[in-house]
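Enquirer: This is the structure I want to talk about, given as structure tokens.
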Amino acid sequence: MSESAGVQQGSPAIGAAGSAPAAPGAGGTEGSGATVGSARIAAKKAQLRSSPRPKKLEKLGVYSSCKAEGACKCNGWKSQNPPPTPPRTDQQPNSVNLLEPCRSCSHTLGDHVTHLENVSEEEMNRLLGIVLDVEYLYTCVHKEEDADTKQVYFSLFKLLRKCILQMGKPVVEAQESPPFEKPSIEQGVNNFVQYKFSHLPSKERQTIVELAKMFLNQINYWQLETPSQRRQRAPADDAAGYKVNYTRWLCYCNVPQFCDSLPRYETTQIFGRTLLGSVFTVMRKQLLEQARQEKDMLPPEKRTLILTHFPKFLSMLEEEVYSHSSPIWSENFLVGSTGGQIPIHTVISAPPVARPLYYSTSPVSVDPSSCGSVSPARKTASALEPSPGGQKRKPSEPIPHDENKKLRIVGDIPMELINEVMATITDPTSMLGPETSLLSAHSARDEAARLEERRGVIEFHVIGNSLNQKPNKRILMWLVGLQNVFSHQLPRMPKEYITRLVFDPKHKTLSLIKDGRVIGGICFRMFPSQGFTEIVFCAVTSNEQVKGYGTHLMNHLKEYHIKHDILNFLTYADEYAIGYFKKQGFSKDIKVPKAKYLGYIKDYEGATLMGCELNPSIPYTEFSVIIKKQKEIIKKLIERKQAQIRKVYPGLSCFKEGVRQIPIESIPGIRETGWKPLGKGKELKDPDQLYSTLKTILQHVKSHQNAWPFMEPVKKTEAPGYYQVIRFPMDLKTMSERLKSRYYTTRKLFMADMQRIFTNCREYNPPESQYYKCANLLEKVFYTKIKEAGLIEK
């Protein structure tokens, strides 16, 4: 006889643990189903565990094999007179008769429970808990419509059934045990908070921590869509990989919420980037839509947090989830290596239980009768409210950023002092701080634009035309708006040319949207194989200028390209745009080799080619905030230092006595200010050693590929008027002759002649010339070799 038959006929408690479950639907959240479902099961278990021992034996006998002589194969006792199904909860249980025969094997109930005679009450209660979980899973198997989910339910049902028979503990058999990916989602979100927000003051940083807790809580109670539903929605995704994660999620995270006999893990602690990437897009959309629908029910103190800051938080996190170069998913993530940010010592964990709906911190009364039938795979919470206190890290878990193990740099300021100073700084324009339009005269150019973006006044979108996908009406309208802005602001550009590039599928445009309409943008074309992007058009409509939009646009474009591993911009700027591009970090000193871009970009007559090299460690959209914060920290540190050294020393009287000169360090109080002599290096007193060192350095410089313009003295026929401009010429040939004649008795003479070569070149040649660029590059090589030789301090 099958196991299912035994359960069906001999279990009076079927259905008592909750209503029949419905088939799982698409990913999402549910208000009170999770709380009520698990509460019912817990109440039923408590009621059964408080029953008399004979009643417990009867319940366990249903799932116990017969122990009578003769090797009976009956795997569960079945009553001759089963109660009505479903049983009435108000009906008092009948007295238990251990001599009542089994309907299947005719042996008594006592023969099925002989192995339980000497079992402790605690062990019996544990087995009874497994029994109710088996009954609940049995109901789920029969009510579930999805084949993948039904298969998992049935496997767990057989596992628990076997545990009752063998009186063992349930262990899910799998090729791989949790955690399944490192770093976990929880650790990745921790790294994200430290990577992007560690420069904020403690109060504003705490706001970010609350948003992170809120997000982690959502994932722990989020309903994953079934593999079949996912195949219909995204057929191109990794179906096999998702099915594996879905099965693991059911076994280790979802079902154990209701069947507590199974060990339960938090989704955010055993899964990593792969699972998060598979649910993030849908989850973000549904969370924001839910927040908009329920905004009128939000408490006033939570409305700004949920409607204003949470969307921005999710948007920034989304970029890191899908970026191939994001550092937050590295197991060796170190805050110091990503920009020297201040670590957050609080470890963010999702709350252990879900909060009620409507983002309230107080419990919401629930009417059990209003809850429909829900499967365990459907019962999830929808709270966007973070827990006031997250779980603390266990002592056995590693601390990611141990300050005690960090290498100390000589002269470095202790982190404790930095944190203490930051607590005294109040910056009203910091991210997620009190928003104000009264910006100071010293505010960064993009500060007003950043505040508007945070409030949702403006948005940034990278858009473009496509020949492969069906045209999106909104995107097409934005492209038309961009064409109008560029045509109006760039009157010297033919409108046909602007239209052709804006709608060219090879070009993209970072568009600035305000009140649903386009007010500016940057049109560009990426050349990934060549390692650069050409900026074609850049404009903001005239009535929206001088608001920092241009700077903020460029900063967003820089971060977009860093995520796509393209670290160089090239553009041809006319006479009116050169100033703007200089402010954005562009210069005429092009870092991209000419062979890389020659023939790829169009040469504009009367325009100047400018380039910008990006630093992947800089968060450009927040860079001005970070710089401002650093300035404030330094200012406060200086004020503290001044308060410590503000001491009046007597004036110097040595000059009255005929002394003409004294060392700076002998001035009273000078060393207390932190002053120390700079620029000193090791002076080689041995002439032969000095000669050998300088000869080696000179040979390195002469053999460099950028040394060719300086090898010999400049000829008058090649550079007319050179010697009228340059009064003290110098070249590498002359330096070689001087070195050979032992002219350089000190390092300073040698360095002065070499520096004169570079200074003369920059004085005579324009910055865009090849000679000017060679001088800059060769100068860096020279000083690198000087430092390596120990002739100047590093």
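In the structure tokens, chains take letters A, B, ... by order of appearance, with residues numbered from 1 within each chain and ligands from 1 in the order shown.
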Find the residues around Pro179 in chain A up to 8 Å (only C-alpha atoms counted), leave out those fewer than 4 positions away in its own chain, and share them as a PyMOL selection string.
Expert: chain A and resi 184+269-271
Enquirer: Please produce a file of the residues just selected, as a PDB file, in the first residue's frame, where the atoms kept are N, CA, C and O atoms.
Expert:
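result_16.pdb written:
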ATOM      1  N   SER A 184      27.520  36.480  -0.189  1.00  0.00           N
ATOM      2  CA  SER A 184      26.068  36.360  -0.141  1.00  0.00           C
ATOM      3  C   SER A 184      25.416  37.676  -0.530  1.00  0.00           C
ATOM      4  O   SER A 184      26.071  38.716  -0.637  1.00  0.00           O
ATOM      5  N   GLN A 269      21.393  35.070   3.001  1.00  0.00           N
ATOM      6  CA  GLN A 269      22.638  34.571   3.569  1.00  0.00           C
ATOM      7  C   GLN A 269      23.210  33.366   2.845  1.00  0.00           C
ATOM      8  O   GLN A 269      24.398  33.075   2.982  1.00  0.00           O
ATOM      9  N   ILE A 270      22.394  32.672   2.060  1.00  0.00           N
ATOM     10  CA  ILE A 270      22.908  31.473   1.375  1.00  0.00           C
ATOM     11  C   ILE A 270      22.938  31.639  -0.134  1.00  0.00           C
ATOM     12  O   ILE A 270      23.570  30.833  -0.818  1.00  0.00           O
ATOM     13  N   PHE A 271      22.251  32.648  -0.662  1.00  0.00           N
ATOM     14  CA  PHE A 271      22.297  32.916  -2.094  1.00  0.00           C
ATOM     15  C   PHE A 271      23.098  34.190  -2.345  1.00  0.00           C
ATOM     16  O   PHE A 271      23.270  35.020  -1.445  1.00  0.00           O
TER      17      PHE A 271
END
Enquirer: I need the alpha helix (DSSP H) residues of range 157-189 of chain A per DSSP on the backbone, written as number ranges by chain.
Expert: A: 157-166, 185-189
Enquirer: Looking at only C-alpha atoms, which of A:Lys588, A:Lys495, A:Lys78, A:Lys715 is the one that sits closest to Pro767 in chain A?
Expert: A:Lys588
Enquirer: Record the distance separating CA of Tyr195 in chain A and CA of Asn615 in chain A, expressed in Å with one decimal.
Expert: 15.2 Å
Enquirer: List as a PyMOL selection string the protein and nucleic acid residues near Phe486 in chain A, meaning an atom at most 12 Å away when only C-alpha atoms are counted, but skip any in the same chain fewer than 5 places from it.
Expert: chain A and resi 479-481+491-499+501-502+509+511+518-523+536-542
Enquirer: Considering only C-alpha atoms, return as a ChimeraX atom specification whatever protein or nucleic-acid residues lie within 10 Å of range 63-73 of chain A, sequence-local ones (same chain, fewer than 2 positions apart) excluded.
Expert: /A:1,3,6-7,10-11,57-61,75-78,102,104-105,107-116,131,134,161-167
Enquirer: How would the residues just picked look written out with C-alpha atoms as a PDB file, in the first residue's frame?
Expert:
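See part-v4.pdb below for the written result:
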ATOM      1  CA  MET A   1       0.000   0.000   0.000  1.00  0.00           C
ATOM      2  CA  GLU A   3       2.380   6.004   1.673  1.00  0.00           C
ATOM      3  CA  GLY A   6      -1.885   5.522   4.585  1.00  0.00           C
ATOM      4  CA  VAL A   7      -1.836   9.233   5.233  1.00  0.00           C
ATOM      5  CA  GLY A  10      -5.420   7.322   8.857  1.00  0.00           C
ATOM      6  CA  SER A  11      -4.878  11.016   9.469  1.00  0.00           C
ATOM      7  CA  LEU A  57       0.707   7.489  20.376  1.00  0.00           C
ATOM      8  CA  GLU A  58      -2.369   7.206  18.165  1.00  0.00           C
ATOM      9  CA  LYS A  59      -1.133  10.117  16.014  1.00  0.00           C
ATOM     10  CA  LEU A  60       2.363   8.679  15.671  1.00  0.00           C
ATOM     11  CA  GLY A  61       1.006   5.169  15.044  1.00  0.00           C
ATOM     12  CA  ASN A  75       3.846   1.014   7.224  1.00  0.00           C
ATOM     13  CA  GLY A  76       1.125   2.813   9.179  1.00  0.00           C
ATOM     14  CA  TRP A  77      -1.820   2.137  11.420  1.00  0.00           C
ATOM     15  CA  LYS A  78      -5.298   2.830   9.953  1.00  0.00           C
ATOM     16  CA  CYS A 102      -5.408  -1.816  12.120  1.00  0.00           C
ATOM     17  CA  SER A 104      -4.680  -2.888   6.882  1.00  0.00           C
ATOM     18  CA  CYS A 105      -2.802  -5.572   8.851  1.00  0.00           C
ATOM     19  CA  HIS A 107      -2.492  -5.831  14.285  1.00  0.00           C
ATOM     20  CA  THR A 108      -3.276  -3.510  17.162  1.00  0.00           C
ATOM     21  CA  LEU A 109      -2.278   0.128  17.501  1.00  0.00           C
ATOM     22  CA  GLY A 110       0.046  -0.949  20.310  1.00  0.00           C
ATOM     23  CA  ASP A 111       2.029  -3.118  17.875  1.00  0.00           C
ATOM     24  CA  HIS A 112       2.727   0.015  15.783  1.00  0.00           C
ATOM     25  CA  VAL A 113       3.995   2.107  18.690  1.00  0.00           C
ATOM     26  CA  THR A 114       6.032  -0.349  20.787  1.00  0.00           C
ATOM     27  CA  HIS A 115       9.210   1.515  19.834  1.00  0.00           C
ATOM     28  CA  LEU A 116       7.796   4.659  21.477  1.00  0.00           C
ATOM     29  CA  VAL A 131       3.786  14.609  11.607  1.00  0.00           C
ATOM     30  CA  VAL A 134       3.969  15.843   6.688  1.00  0.00           C
ATOM     31  CA  ARG A 161       7.796  10.598   6.376  1.00  0.00           C
ATOM     32  CA  LYS A 162      11.055   8.634   6.474  1.00  0.00           C
ATOM     33  CA  CYS A 163      12.262  10.640   9.512  1.00  0.00           C
ATOM     34  CA  ILE A 164       9.172   9.605  11.474  1.00  0.00           C
ATOM     35  CA  LEU A 165       9.653   5.939  10.579  1.00  0.00           C
ATOM     36  CA  GLN A 166      13.343   5.988  11.539  1.00  0.00           C
ATOM     37  CA  MET A 167      13.007   8.583  14.338  1.00  0.00           C
TER      38      MET A 167
END
Enquirer: So how many Å separate CA of Met316 in chain A and CA of Asn191 in chain A, to one decimal?
Expert: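 Separation between CA of Met316 in chain A and CA of Asn191 in chain A: 12.9 Å.
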Enquirer: So the first atom is CA of Tyr597 in chain A and the second is CA of Gln770 in chain A; what is the distance between them in Å, to one decimal place?
Expert: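 CA of Gln770 in chain A lies 15.9 Å from CA of Tyr597 in chain A.
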Enquirer: Give me the residues of range 269-326 of chain A that have any atom at most 12 Å from an atom of range 446-455 of chain A; for each, the nearest atom pair and the distance in Å, rounded to one decimal. Use only C-alpha atoms, sort by chain and number, and format it as CSV.
Expert:
residue,atom,partner,partner_atom,distance
A:Thr304,CA,A:Arg455,CA,9.3
A:Leu305,CA,A:Arg455,CA,11.0
A:Ile306,CA,A:Arg455,CA,11.9
A:Leu307,CA,A:Arg455,CA,9.3
A:Thr308,CA,A:Arg455,CA,6.1
A:His309,CA,A:Arg454,CA,7.2
A:Phe310,CA,A:Arg454,CA,10.2
A:Pro311,CA,A:Arg454,CA,9.3
A:Lys312,CA,A:Arg454,CA,7.0
A:Phe313,CA,A:Arg454,CA,9.9
A:Ser315,CA,A:Arg454,CA,11.3
A:Met316,CA,A:Arg454,CA,11.7
Enquirer: Can I get the selected residues back with C-alpha atoms, as an mmCIF file, in the first residue's frame?
Expert:
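What ended up in selection13.cif:
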data_model
loop_
_atom_site.group_PDB
_atom_site.id
_atom_site.type_symbol
_atom_site.label_atom_id
_atom_site.label_comp_id
_atom_site.auth_asym_id
_atom_site.auth_seq_id
_atom_site.Cartn_x
_atom_site.Cartn_y
_atom_site.Cartn_z
ATOM 1 C CA THR A 304 9.795 60.475 2.188
ATOM 2 C CA LEU A 305 11.975 57.468 2.924
ATOM 3 C CA ILE A 306 9.859 55.094 0.828
ATOM 4 C CA LEU A 307 8.800 57.347 -2.042
ATOM 5 C CA THR A 308 11.946 59.459 -2.469
ATOM 6 C CA HIS A 309 15.015 57.680 -1.160
ATOM 7 C CA PHE A 310 14.106 54.021 -1.730
ATOM 8 C CA PRO A 311 13.730 54.349 -5.550
ATOM 9 C CA LYS A 312 17.136 56.036 -5.783
ATOM 10 C CA PHE A 313 18.670 53.357 -3.560
ATOM 11 C CA SER A 315 18.355 52.292 -8.928
ATOM 12 C CA MET A 316 21.959 52.582 -7.707
#
Enquirer: Find the residues around Arg230 in chain A up to 12 Å (only C-alpha atoms counted), leave out those fewer than 2 positions away in its own chain, and share them as a PDB file with C-alpha atoms, in the first residue's frame.
Expert:
ATOM      1  CA  GLY A  25       1.826  32.507  -8.923  1.00  0.00           C
ATOM      2  CA  ALA A  26       4.272  35.069 -10.204  1.00  0.00           C
ATOM      3  CA  GLY A  27       6.880  36.543  -7.916  1.00  0.00           C
ATOM      4  CA  LEU A 224      10.131  33.497  -6.550  1.00  0.00           C
ATOM      5  CA  GLU A 225       8.312  32.827  -9.785  1.00  0.00           C
ATOM      6  CA  THR A 226       8.270  29.193 -10.854  1.00  0.00           C
ATOM      7  CA  PRO A 227      10.686  28.023 -13.561  1.00  0.00           C
ATOM      8  CA  SER A 228       7.817  27.578 -16.030  1.00  0.00           C
ATOM      9  CA  GLN A 232       7.413  32.293 -20.462  1.00  0.00           C
ATOM     10  CA  ARG A 233       8.563  35.740 -19.332  1.00  0.00           C
ATOM     11  CA  ALA A 234      12.266  35.480 -20.189  1.00  0.00           C
ATOM     12  CA  PRO A 235      12.918  32.491 -22.468  1.00  0.00           C
ATOM     13  CA  ALA A 236      16.516  33.566 -23.156  1.00  0.00           C
ATOM     14  CA  ASP A 237      17.632  33.356 -19.522  1.00  0.00           C
ATOM     15  CA  ASP A 238      19.514  30.454 -17.939  1.00  0.00           C
ATOM     16  CA  ALA A 239      16.528  28.180 -17.301  1.00  0.00           C
ATOM     17  CA  ALA A 240      18.523  25.286 -15.855  1.00  0.00           C
ATOM     18  CA  GLY A 241      20.436  27.483 -13.420  1.00  0.00           C
ATOM     19  CA  TYR A 242      17.274  29.217 -12.256  1.00  0.00           C
ATOM     20  CA  LYS A 243      15.510  25.893 -11.673  1.00  0.00           C
ATOM     21  CA  TYR A 246      14.374  27.747  -7.223  1.00  0.00           C
ATOM     22  CA  SER A 278      17.281  36.830 -11.574  1.00  0.00           C
ATOM     23  CA  VAL A 279      14.671  38.544  -9.366  1.00  0.00           C
ATOM     24  CA  VAL A 282      10.755  42.317 -11.374  1.00  0.00           C
TER      25      VAL A 282
END
Enquirer: Give the answer as one residue: which of A:Ser120, A:Asn190, A:Ser466, A:Ser587 has the shortest atom-to-atom distance to Met610 in chain A, using only C-alpha atoms?
Expert: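 Ranked by minimum distance to Met610 in chain A, first place goes to A:Ser587.
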Enquirer: Could you pull out the strand (DSSP E or B) residues of range 48-224 of chain A, going by DSSP on the backbone, and write them as a list of chain:residue names?
Expert: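 Answer for range 48-224 of chain A restricted to strand (DSSP E or B) is A:Pro101, A:Thr108, A:Ser184, A:Gln223.
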Enquirer: Put those residues in a file: C-alpha atoms, as an mmCIF file, in the first residue's frame.
Expert:
data_model
loop_
_atom_site.group_PDB
_atom_site.id
_atom_site.type_symbol
_atom_site.label_atom_id
_atom_site.label_comp_id
_atom_site.auth_asym_id
_atom_site.auth_seq_id
_atom_site.Cartn_x
_atom_site.Cartn_y
_atom_site.Cartn_z
ATOM 1 C CA PRO A 101 -6.886 -3.339 15.269
ATOM 2 C CA THR A 108 -3.276 -3.510 17.162
ATOM 3 C CA SER A 184 26.068 36.360 -0.141
ATOM 4 C CA GLN A 223 8.032 34.829 -3.681
#
Enquirer: My list of candidates is A:Glu331, A:Leu98, A:Gln286, A:Ala42. Which is closest to Gln257 in chain A when distances are computed with only C-alpha atoms?
Expert: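 Checking each of A:Glu331, A:Leu98, A:Gln286, A:Ala42 against Gln257 in chain A, counting only C-alpha atoms, the winner is A:Ala42.
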Enquirer: If we count only C-alpha atoms and set the cut-off at 12 Å, which residues sit around range 154-159 of chain A, ignoring sequence neighbours fewer than 2 positions away in its own chain? Please answer as a PyMOL selection string.
Expert: chain A and resi 2-4+7+63+130-144+147-152+161-174+247-248+250-252+255-256+259+261-263
Enquirer: Please list as a PyMOL selection string every residue within 10 Å of range 720-725 of chain A, counting only C-alpha atoms and excluding residues in the same chain fewer than 2 positions away.
Expert: chain A and resi 714-718+727-729+760+763-765
Enquirer: Since we have the selection now, will you write its residues out, keeping C-alpha atoms, as a PDB file, in the first residue's frame?
Expert:
ATOM      1  CA  VAL A 714      67.516  72.470 -31.744  1.00  0.00           C
ATOM      2  CA  LYS A 715      68.638  73.611 -35.205  1.00  0.00           C
ATOM      3  CA  LYS A 716      67.932  77.212 -36.169  1.00  0.00           C
ATOM      4  CA  THR A 717      66.822  76.140 -39.655  1.00  0.00           C
ATOM      5  CA  GLU A 718      64.151  73.808 -38.201  1.00  0.00           C
ATOM      6  CA  ARG A 727      67.634  81.965 -23.637  1.00  0.00           C
ATOM      7  CA  PHE A 728      69.082  78.852 -21.940  1.00  0.00           C
ATOM      8  CA  PRO A 729      68.707  75.843 -24.278  1.00  0.00           C
ATOM      9  CA  ASN A 760      61.942  75.091 -22.707  1.00  0.00           C
ATOM     10  CA  GLU A 763      57.484  77.455 -23.408  1.00  0.00           C
ATOM     11  CA  TYR A 764      58.148  77.323 -27.163  1.00  0.00           C
ATOM     12  CA  ASN A 765      55.526  74.766 -28.370  1.00  0.00           C
TER      13      ASN A 765
END
